[in-house]
file coords-v2.cif (mmCIF, C-alpha atoms)
data_run
loop_
_atom_site.label_atom_id
_atom_site.label_comp_id
_atom_site.auth_asym_id
_atom_site.auth_seq_id
_atom_site.Cartn_x
_atom_site.Cartn_y
_atom_site.Cartn_z
CA MET V 1 15.42 -6.99 15.71
CA ALA V 2 13.46 -4.18 14.15
CA ALA V 3 15.18 -0.94 13.29
CA GLN V 4 13.63 2.46 12.67
CA THR V 5 14.66 4.77 9.89
CA ALA V 6 13.99 8.48 9.82
CA ALA V 7 11.54 9.84 7.30
CA THR V 8 12.92 12.24 4.74
CA SER V 9 10.95 15.13 3.34
CA LEU V 10 8.17 14.59 0.83
CA PRO V 11 9.36 15.86 -2.56
CA GLN V 12 7.04 18.70 -3.53
CA HIS V 13 9.28 20.07 -6.29
CA SER V 14 7.98 20.59 -9.78
CA ALA V 15 9.31 17.26 -11.08
CA TYR V 16 7.24 15.27 -8.60
CA ARG V 17 4.16 17.42 -9.16
CA SER V 18 4.50 16.80 -12.89
CA LEU V 19 4.81 13.07 -12.26
CA VAL V 20 1.62 13.10 -10.18
CA GLU V 21 -0.24 15.00 -12.89
CA ARG V 22 0.85 12.53 -15.58
CA ALA V 23 -0.26 9.63 -13.40
CA ALA V 24 -3.59 11.25 -12.57
CA CYS V 25 -4.32 11.97 -16.24
CA ARG V 26 -4.46 8.24 -16.85
CA PHE V 27 -7.76 8.22 -14.95
CA LYS V 28 -9.54 10.95 -16.91
CA SER V 29 -11.23 8.33 -19.08
CA SER V 30 -12.98 7.05 -15.94
CA GLY V 31 -14.38 10.45 -15.03
CA ARG V 32 -13.65 13.46 -12.86
CA ASN V 33 -13.91 11.61 -9.55
CA ALA V 34 -11.25 9.06 -10.52
CA TYR V 35 -8.95 11.77 -11.87
CA TYR V 36 -9.22 14.12 -8.87
CA TYR V 37 -8.94 11.27 -6.39
CA ALA V 38 -5.71 10.12 -8.04
CA ARG V 39 -4.33 13.66 -8.15
CA CYS V 40 -5.15 14.33 -4.49
CA LYS V 41 -4.02 10.95 -3.14
CA LEU V 42 -0.75 10.75 -5.06
CA GLY V 43 0.07 14.38 -4.37
CA ASN V 44 -0.69 14.43 -0.65
CA ASP V 45 -0.19 10.95 0.74
CA PRO V 46 3.53 10.70 1.62
CA VAL V 47 3.78 6.94 1.09
CA PHE V 48 3.71 7.08 -2.71
CA ALA V 49 6.56 9.56 -2.96
CA ALA V 50 8.50 7.56 -0.37
CA LEU V 51 8.23 4.34 -2.35
CA LEU V 52 9.97 6.05 -5.26
CA ARG V 53 12.30 8.34 -3.31
CA ASP V 54 13.72 5.64 -1.05
CA GLY V 55 14.31 3.05 -3.76
CA HIS V 56 11.93 0.45 -2.32
CA ILE V 57 10.89 -0.64 -5.82
CA HIS V 58 13.87 -1.61 -7.95
CA ASP V 59 14.39 -2.09 -11.68
CA GLY V 60 12.81 -5.32 -12.85
CA ALA V 61 10.68 -5.70 -9.72
CA HIS V 62 7.82 -8.20 -9.87
CA ILE V 63 5.24 -6.41 -7.71
CA VAL V 64 2.08 -7.70 -6.06
CA ASP V 65 -0.18 -4.86 -4.90
CA LEU V 66 -2.76 -6.15 -2.40
CA GLY V 67 -5.62 -3.70 -2.01
CA CYS V 68 -4.55 -1.91 -5.17
CA GLY V 69 -7.73 0.16 -5.47
CA GLN V 70 -7.96 1.95 -8.81
CA GLY V 71 -4.28 1.28 -9.56
CA LEU V 72 -2.61 4.41 -8.21
CA LEU V 73 0.78 2.80 -7.59
CA ALA V 74 0.87 1.28 -11.07
CA ALA V 75 -0.11 4.62 -12.62
CA LEU V 76 2.66 6.41 -10.71
CA LEU V 77 5.28 3.87 -11.77
CA ALA V 78 4.01 3.96 -15.35
CA SER V 79 4.45 7.73 -15.45
CA ASP V 80 8.08 7.71 -14.29
CA ASP V 81 11.28 6.59 -15.98
CA ALA V 82 12.62 4.80 -12.89
CA PRO V 83 12.33 2.11 -11.79
CA SER V 84 12.14 0.37 -15.16
CA ALA V 85 11.03 -3.01 -16.49
CA TRP V 86 8.79 -3.74 -13.51
CA THR V 87 5.62 -5.81 -13.63
CA LEU V 88 2.61 -5.49 -11.31
CA HIS V 89 -0.28 -7.78 -10.37
CA GLY V 90 -2.91 -5.95 -8.34
CA PHE V 91 -5.81 -7.35 -6.33
CA ASP V 92 -8.80 -5.53 -4.84
CA LEU V 93 -12.25 -6.51 -3.59
CA ARG V 94 -14.03 -3.76 -5.53
CA ALA V 95 -14.84 -4.68 -9.10
CA GLY V 96 -15.42 -1.03 -10.03
CA ALA V 97 -11.95 -0.05 -8.85
CA ILE V 98 -10.41 -2.90 -10.83
CA THR V 99 -12.23 -1.76 -13.98
CA THR V 100 -10.86 1.76 -13.48
CA ALA V 101 -7.34 0.40 -12.97
CA GLU V 102 -7.52 -1.73 -16.11
CA ARG V 103 -8.68 1.24 -18.18
CA ALA V 104 -5.92 3.49 -16.81
CA LEU V 105 -3.11 1.01 -17.50
CA ALA V 106 -4.43 -0.59 -20.69
CA ASP V 107 -1.38 0.55 -22.66
CA PHE V 108 0.94 -1.52 -20.47
CA GLY V 109 -0.47 -4.80 -21.74
CA GLU V 110 0.69 -7.94 -19.95
CA ARG V 111 3.12 -6.04 -17.71
CA VAL V 112 0.18 -4.95 -15.55
CA ARG V 113 -2.67 -7.18 -14.46
CA PHE V 114 -5.57 -6.39 -12.14
CA GLU V 115 -7.92 -8.90 -10.58
CA VAL V 116 -10.85 -8.86 -8.17
CA GLY V 117 -9.71 -10.80 -5.12
CA ASP V 118 -9.67 -10.99 -1.34
CA ILE V 119 -6.29 -10.74 0.40
CA ARG V 120 -7.39 -13.67 2.57
CA ALA V 121 -7.88 -16.02 -0.37
CA VAL V 122 -6.05 -14.90 -3.53
CA GLN V 123 -3.35 -17.10 -5.01
CA LEU V 124 -0.23 -14.97 -4.82
CA PRO V 125 2.12 -15.21 -7.80
CA PRO V 126 5.89 -15.42 -7.25
CA CYS V 127 7.22 -11.91 -6.65
CA ASN V 128 10.02 -9.91 -5.08
CA VAL V 129 7.99 -6.90 -3.87
CA VAL V 130 4.60 -6.97 -2.15
CA VAL V 131 2.82 -3.70 -1.36
CA VAL V 132 0.02 -3.62 1.24
CA LEU V 133 -1.07 -0.08 2.10
CA ASP V 134 -3.69 0.45 4.83
CA VAL V 135 -5.38 -2.93 4.30
CA LEU V 136 -4.56 -5.45 7.04
CA HIS V 137 -6.65 -3.78 9.75
CA TYR V 138 -9.76 -4.65 7.72
CA ILE V 139 -9.29 -8.38 8.41
CA ASP V 140 -9.23 -10.20 11.76
CA TYR V 141 -6.05 -11.03 13.68
CA GLU V 142 -5.84 -14.67 12.62
CA ALA V 143 -6.41 -13.70 8.99
CA GLN V 144 -3.64 -11.11 9.27
CA GLN V 145 -1.17 -13.76 10.39
CA ARG V 146 -2.21 -16.17 7.65
CA ALA V 147 -1.96 -13.46 4.99
CA LEU V 148 1.52 -12.45 6.11
CA ALA V 149 2.68 -16.07 6.12
CA ARG V 150 1.41 -16.50 2.55
CA ILE V 151 3.14 -13.29 1.48
CA TYR V 152 6.38 -14.55 3.02
CA GLU V 153 6.14 -17.80 1.05
CA ALA V 154 5.33 -15.97 -2.21
CA LEU V 155 8.30 -13.60 -1.90
CA ALA V 156 11.65 -14.57 -3.34
CA PRO V 157 14.50 -14.83 -0.81
CA GLY V 158 15.49 -11.28 0.04
CA GLY V 159 12.17 -10.01 -1.33
CA LYS V 160 10.47 -7.08 0.35
CA LEU V 161 7.04 -6.47 1.87
CA LEU V 162 6.09 -2.78 2.03
CA LEU V 163 3.34 -2.66 4.64
CA ARG V 164 1.72 0.53 5.89
CA VAL V 165 -0.21 0.28 9.15
CA GLY V 166 -1.62 2.57 11.79
CA ASP V 167 0.11 2.63 15.18
CA ALA V 168 -2.64 2.05 17.75
CA ALA V 169 -0.38 3.41 20.50
CA ARG V 170 -0.37 6.94 19.04
CA GLY V 171 -3.36 8.34 20.95
CA TRP V 172 -5.36 11.07 19.22
CA ARG V 173 -3.46 10.69 15.96
CA PHE V 174 -4.53 7.06 15.75
CA ARG V 175 -8.14 7.96 16.57
CA ILE V 176 -8.14 10.40 13.64
CA THR V 177 -6.65 7.69 11.43
CA LEU V 178 -9.38 5.27 12.41
CA LEU V 179 -12.15 7.82 11.98
CA THR V 180 -10.88 8.63 8.49
CA ASP V 181 -10.87 4.93 7.57
CA TRP V 182 -14.40 4.50 8.88
CA PHE V 183 -15.59 7.52 6.88
CA ALA V 184 -13.86 6.26 3.70
CA THR V 185 -15.54 2.87 3.89
CA ALA V 186 -18.92 4.49 4.62
CA THR V 187 -18.69 6.71 1.53
CA ARG V 188 -17.93 3.63 -0.59
CA GLY V 189 -21.03 1.91 0.76
CA THR V 190 -19.01 -0.77 2.57
CA ARG V 191 -19.15 0.52 6.13
CA GLN V 192 -16.68 -1.33 8.35
CA ARG V 193 -18.12 -2.18 11.76
CA ARG V 194 -14.78 -3.12 13.29
CA PHE V 195 -11.07 -2.66 12.61
CA TRP V 196 -8.39 -5.07 13.85
CA CYS V 197 -5.57 -2.73 14.82
CA ARG V 198 -2.32 -3.13 16.74
CA PRO V 199 0.36 -0.95 18.32
CA LEU V 200 3.47 -0.64 16.19
CA GLN V 201 5.51 -3.02 18.33
CA GLU V 202 2.86 -5.73 17.93
CA TRP V 203 2.93 -5.32 14.14
CA ILE V 204 6.70 -5.68 14.20
CA ALA V 205 6.55 -8.74 16.47
CA LEU V 206 3.98 -10.37 14.17
CA LEU V 207 6.19 -9.84 11.11
CA GLU V 208 9.27 -11.15 12.91
CA ALA V 209 7.38 -14.24 14.05
CA VAL V 210 6.56 -14.99 10.40
CA GLY V 211 10.25 -14.69 9.52
CA PHE V 212 10.73 -11.13 8.27
CA GLU V 213 13.53 -8.71 9.16
CA VAL V 214 11.77 -5.39 9.81
CA GLN V 215 12.53 -1.69 9.66
CA SER V 216 9.94 0.97 10.45
CA GLN V 217 9.61 4.44 8.97
CA PRO V 218 7.12 7.16 10.01
CA MET V 219 4.73 7.72 7.14
CA SER V 220 2.34 10.51 8.12
CA GLU V 221 4.33 13.58 7.16
CA GLY V 222 2.05 16.50 6.41
CA THR V 223 -1.00 14.68 7.82
CA PRO V 224 -2.50 14.23 11.30
CA PHE V 225 -2.41 10.43 11.04
CA ALA V 226 -0.47 7.71 12.92
CA ASN V 227 0.78 5.77 9.91
CA VAL V 228 4.02 3.81 9.74
CA LEU V 229 5.67 2.08 6.79
CA LEU V 230 7.12 -1.30 7.72
CA VAL V 231 9.82 -2.51 5.34
CA ALA V 232 9.94 -6.27 5.91
CA VAL V 233 12.55 -8.38 4.13
CA ASN V 234 12.15 -12.11 3.54
CA SER V 235 15.04 -13.25 5.70
CA ARG V 236 15.64 -16.59 3.98
CA ALA V 237 18.47 -14.84 2.12
CA LEU V 238 19.88 -13.31 5.32
CA ARG V 239 20.44 -16.46 7.34
#
call {"tool": "encode", "arguments": {"input": "coords-v2.cif", "output": "structure tokens"}}
result
Amino acid sequence: MAAQTAATSLPQHSAYRSLVERAACRFKSSGRNAYYYARCKLGNDPVFAALLRDGHIHDGAHIVDLGCGQGLLAALLASDDAPSAWTLHGFDLRAGAITTAERALADFGERVRFEVGDIRAVQLPPCNVVVVLDVLHYIDYEAQQRALARIYEALAPGGKLLLRVGDAARGWRFRITLLTDWFATATRGTRQRRFWCRPLQEWIALLEAVGFEVQSQPMSEGTPFANVLLVAVNSRALR
């Protein structure tokens, strides 16, 4: 049975702002656009602060980041002291974003690896944390189910999937979310003609059918969007 946890406030204190700035500075070598995008996204999207604040990524985590973009999560983790000793393998369809990510995290050597790949086809390495932020609605319903089943098999028992989705039952907030996604893809030159979205309860039911134990957490604080973070644990260790 899914449970819902309350969102706590986004940390806007000076320590977090300094962390964001250190992470964003990693992208200066790729130009102003990469730097300012990182600074804006990390500083204003509540999900990145929540991943650190709520302890979702532990010391020694082996992370797979599906739809990693230019490597924002890796840059944020690399700029903080905790968690420690993590590794990250990121996949994204956009070769340019992968190049930017590799340049930003070059000093982390083999601990961080980025690869051009499609969530529907990539070979997932063994891991204990998988992060999928605002990605699944770009692929059709059957592909969503197959991807989640493959993630479940790749995760160690007790491993965690951190999945952010839009709640299609949220009325005007969801329409704004969808419009923003459409605009973002259009500006990247990859206009999406259709999104495969679900109400929150359908997302939860899909994850539970795969085998996950699920908690949901609102993840739109400070924004007009209808986003939810689903924390889904591989339940093989819970049975």
call {"tool": "atom_distance", "arguments": {"input": "coords-v2.cif", "atom1": "atom CA of V:Val228", "atom2": "atom CA of V:Ala49"}}
result
14.2 Å
call {"tool": "residues_around", "arguments": {"input": "coords-v2.cif", "residues": "V:Gly60", "least_positions_apart": "4", "cutoff": "7 Å", "atoms": "all atoms listed in the file", "output": "mmCIF file with C-alpha atoms, in the coordinates of the input"}}
result
data_model
loop_
_atom_site.group_PDB
_atom_site.id
_atom_site.type_symbol
_atom_site.label_atom_id
_atom_site.label_comp_id
_atom_site.auth_asym_id
_atom_site.auth_seq_id
_atom_site.Cartn_x
_atom_site.Cartn_y
_atom_site.Cartn_z
ATOM 1 C CA SER V 84 12.140 0.370 -15.160
ATOM 2 C CA ALA V 85 11.030 -3.010 -16.490
ATOM 3 C CA TRP V 86 8.790 -3.740 -13.510
#
call {"tool": "resolve_selection", "arguments": {"input": "coords-v2.cif", "expression": "the PyMOL selection byres ((chain V and resi 208) around 12)", "output": "compact mmCIF listing (two decimals) with C-alpha atoms, in the frame of the given file"}}
result
# COMPACT_ATOMS: atom_id res chain seq x y z
CA MET V 1 15.42 -6.99 15.71
CA ALA V 2 13.46 -4.18 14.15
CA ALA V 3 15.18 -0.94 13.29
CA GLN V 145 -1.17 -13.76 10.39
CA LEU V 148 1.52 -12.45 6.11
CA ALA V 149 2.68 -16.07 6.12
CA TYR V 152 6.38 -14.55 3.02
CA GLN V 201 5.51 -3.02 18.33
CA GLU V 202 2.86 -5.73 17.93
CA TRP V 203 2.93 -5.32 14.14
CA ILE V 204 6.70 -5.68 14.20
CA ALA V 205 6.55 -8.74 16.47
CA LEU V 206 3.98 -10.37 14.17
CA LEU V 207 6.19 -9.84 11.11
CA ALA V 209 7.38 -14.24 14.05
CA VAL V 210 6.56 -14.99 10.40
CA GLY V 211 10.25 -14.69 9.52
CA PHE V 212 10.73 -11.13 8.27
CA GLU V 213 13.53 -8.71 9.16
CA VAL V 214 11.77 -5.39 9.81
CA GLN V 215 12.53 -1.69 9.66
CA LEU V 230 7.12 -1.30 7.72
CA VAL V 231 9.82 -2.51 5.34
CA ALA V 232 9.94 -6.27 5.91
CA VAL V 233 12.55 -8.38 4.13
CA ASN V 234 12.15 -12.11 3.54
CA SER V 235 15.04 -13.25 5.70
call {"tool": "resolve_selection", "arguments": {"input": "coords-v2.cif", "expression": "the PyMOL selection byres ((chain V and resi 36) around 12)", "output": "number ranges by chain"}}
result
V: 20-21, 23-35, 37-44, 72
call {"tool": "closest_residue", "arguments": {"input": "coords-v2.cif", "among": "V:Leu200, V:Ala101, V:Val47, V:Leu93", "to": "V:Phe174", "atoms": "all atoms listed in the file"}}
result
V:Leu200
call {"tool": "resolve_selection", "arguments": {"input": "coords-v2.cif", "expression": "the PyMOL selection byres ((chain V and resi 127-139) around 9)", "output": "ChimeraX atom specification"}}
result
/V:47,56-58,61-68,119-120,124-126,140-144,147,151,154-166,181,192,194-198,227,229
call {"tool": "atom_distance", "arguments": {"input": "coords-v2.cif", "atom1": "atom CA of V:Asp81", "atom2": "atom CA of V:Phe108"}}
result
13.9 Å
call {"tool": "closest_residue", "arguments": {"input": "coords-v2.cif", "among": "V:Arg113, V:Arg17, V:Arg170, V:Arg188", "to": "V:Arg94", "atoms": "all atoms listed in the file"}}
result
V:Arg188
call {"tool": "atom_distance", "arguments": {"input": "coords-v2.cif", "atom1": "atom CA of V:Leu88", "atom2": "atom CA of V:Asp107"}}
result
13.5 Å
call {"tool": "closest_residue", "arguments": {"input": "coords-v2.cif", "among": "V:Arg173, V:Ala75, V:Ala121, V:Asp167", "to": "V:Gln217", "atoms": "all atoms listed in the file"}}
result
V:Asp167
call {"tool": "closest_residue", "arguments": {"input": "coords-v2.cif", "among": "V:Ala169, V:Leu52, V:Met219, V:Val122", "to": "V:Ala82", "atoms": "all atoms listed in the file"}}
result
V:Leu52
call {"tool": "closest_residue", "arguments": {"input": "coords-v2.cif", "among": "V:Asp80, V:Leu51, V:Asp45, V:Ala74", "to": "V:Arg22", "atoms": "only C-alpha atoms"}}
result
V:Asp80
call {"tool": "closest_residue", "arguments": {"input": "coords-v2.cif", "among": "V:Gly71, V:Ala97, V:Leu105, V:Arg150", "to": "V:Gln123", "atoms": "only C-alpha atoms"}}
result
V:Arg150
